[in-house]
Amino acid sequence: MWRTLGLMAAKPGVVPTDYAHGRRSRYTPPVRLFLVVSFLFFLALSLTSTMFVAMDVRATTPAEGAAAKALNAALTVTDEEDIDKLDCNITAGLRFFVRPKDLTLDTEAWRRCYADVERTVTEAITTPEEGGEPVAEADAEKTLGFVSGVLSGVSGAIENPQAFNSDINTWLPRVMFAMTPVLALILALFIRGRNALMFDHLVLSLYTHAVGFAVIGIAVIFVQFGLRAAFPAAMAVFAVYFMLALKRAYGRGWVKTAWTGLMSGLLYLTILVSVVMTIVVNALVT
């Protein structure tokens, strides 16, 4: 396995090409390598208490609050009076591959905002518009139940991100394994020929996913030492690796390789993000 990973790092695209064309004795099979490296990746997440996604929440400073109101007034997004009614002077932001101790959570400010948002939404649902018909009690209760569930899920994800991530981690390994044939199908849309059969694409996809797990896993380790830029750097390294693997595996020119890498990467990410967001929303609702 280490020899396979070493050659994959030194010469991207060589191992998938050799394996797809019958030169297999030197290498760990792609499915086995994928399973082992992905297992080590999720084990590293568990041992380091690294969460896939969490949210920073802190009280907004006076300067940030004034800037937000000025921007809102300039864009005329919302009536300024509506903003003033809400006691939600908080700033929130998503963090990926983060440890609990690196998160910022102003519990008091968040709970105050949560209670005010819940009250405002309840009033909006149950109070009919001026001159409009009263809201049916059954419809109002159904809508309130759904909204309350979503708000409660969001609050739970913010206040207890580790429990929230445990739900995501249940599905994420299965999703990533299912994405290997998806990438192969995407590559088949752009690359065809005698040396670019579906089997070639699938082998390349499995090995590439294994490399992705290894690169991001190394970034997770660096994050433990406070290097917050490790994850963006890992994504940049992996993007370059993917281009080099495509170039060496299929022997296309740089222009075709860059076009294929860019379009297949965007299509792959679109599908992956859509699936992950579905899992996140389901976890919030349930």
# chains A, B, ... in the order shown; residues from 1 in each chain; ligands from 1
$ residues_around --residues "range 104-121 of chain A" --least-positions-apart "4" --cutoff "6 Å" --atoms "only C-alpha atoms" --output "JSON, numbers by chain"
{"A": [56, 57, 58, 87, 88]}
$ closest_atom_pairs --of "range 139-184 of chain A" --to "range 208-222 of chain A" --cutoff "10 Å" --atoms "only C-alpha atoms" --output "tab-separated table"
residue	atom	partner	partner_atom	distance
A:Met176	CA	A:His209	CA	8.2
A:Phe177	CA	A:His209	CA	8.7
A:Met179	CA	A:His209	CA	8.9
A:Thr180	CA	A:His209	CA	7.1
A:Leu183	CA	A:His209	CA	9.4
$ write_last_selection --atoms "N, CA and C atoms" --output "PDB file, in the first residue's frame"
ATOM      1  N   MET A 176     -19.317   9.058  -0.208  1.00  0.00           N
ATOM      2  CA  MET A 176     -18.053   9.147  -0.928  1.00  0.00           C
ATOM      3  C   MET A 176     -17.789   7.887  -1.742  1.00  0.00           C
ATOM      4  N   PHE A 177     -18.166   6.711  -1.220  1.00  0.00           N
ATOM      5  CA  PHE A 177     -17.991   5.490  -2.006  1.00  0.00           C
ATOM      6  C   PHE A 177     -18.910   5.516  -3.228  1.00  0.00           C
ATOM      7  N   MET A 179     -19.805   8.095  -4.801  1.00  0.00           N
ATOM      8  CA  MET A 179     -19.358   9.126  -5.736  1.00  0.00           C
ATOM      9  C   MET A 179     -18.255   8.636  -6.668  1.00  0.00           C
ATOM     10  N   THR A 180     -17.636   7.489  -6.370  1.00  0.00           N
ATOM     11  CA  THR A 180     -16.568   6.995  -7.254  1.00  0.00           C
ATOM     12  C   THR A 180     -17.098   6.634  -8.646  1.00  0.00           C
ATOM     13  N   LEU A 183     -17.930   9.947 -10.557  1.00  0.00           N
ATOM     14  CA  LEU A 183     -16.795  10.603 -11.215  1.00  0.00           C
ATOM     15  C   LEU A 183     -16.404   9.861 -12.488  1.00  0.00           C
TER      16      LEU A 183
END
$ closest_residue --among "A:Ser152, A:Gln224, A:Thr270, A:Gln162" --to "Thr286 in chain A" --atoms "only C-alpha atoms"
A:Ser152
$ atom_distance --atom1 "CA of Phe242 in chain A" --atom2 "CA of Ser25 in chain A"
24.0 Å
$ select_by_dssp --residues "range 177-251 of chain A" --states "alpha helix (DSSP H)" --output "PyMOL selection string"
chain A and resi 177-190+198-223+230-250
$ closest_residue --among "A:Ala249, A:Phe238, A:Arg95, A:Leu262" --to "His21 in chain A" --atoms "only C-alpha atoms"
A:Ala249
$ atom_distance --atom1 "CA of Leu269 in chain A" --atom2 "CA of Leu172 in chain A"
14.4 Å
$ residues_around --residues "Leu272 in chain A" --least-positions-apart "4" --cutoff "10 Å" --atoms "only C-alpha atoms" --output "JSON, numbers by chain"
{"A": [175, 176, 179, 182, 266, 267, 268, 276, 277, 278]}
$ residues_around --residues "range 143-149 of chain A" --least-positions-apart "5" --cutoff "10 Å" --atoms "only C-alpha atoms" --output "PyMOL selection string"
chain A and resi 118+121-122+125-126+137-138+154-155+284-286
$ write_last_selection --atoms "C-alpha atoms" --output "compact mmCIF listing (two decimals), in the first residue's frame"
# COMPACT_ATOMS: atom_id res chain seq x y z
CA GLU A 118 -39.06 32.07 16.83
CA VAL A 121 -41.94 33.80 12.82
CA THR A 122 -44.82 32.62 15.02
CA ILE A 125 -47.64 32.77 10.59
CA THR A 126 -50.54 33.20 12.99
CA GLU A 137 -55.75 26.80 12.67
CA ALA A 138 -54.76 23.41 11.24
CA VAL A 154 -30.36 24.66 13.70
CA SER A 155 -30.05 25.52 17.38
CA LEU A 284 -31.48 19.62 10.83
CA VAL A 285 -35.13 18.70 10.29
CA THR A 286 -34.98 15.37 12.11
$ closest_residue --among "A:Ala196, A:Ala239, A:Leu244, A:Leu204" --to "Pro181 in chain A" --atoms "only C-alpha atoms"
A:Leu204
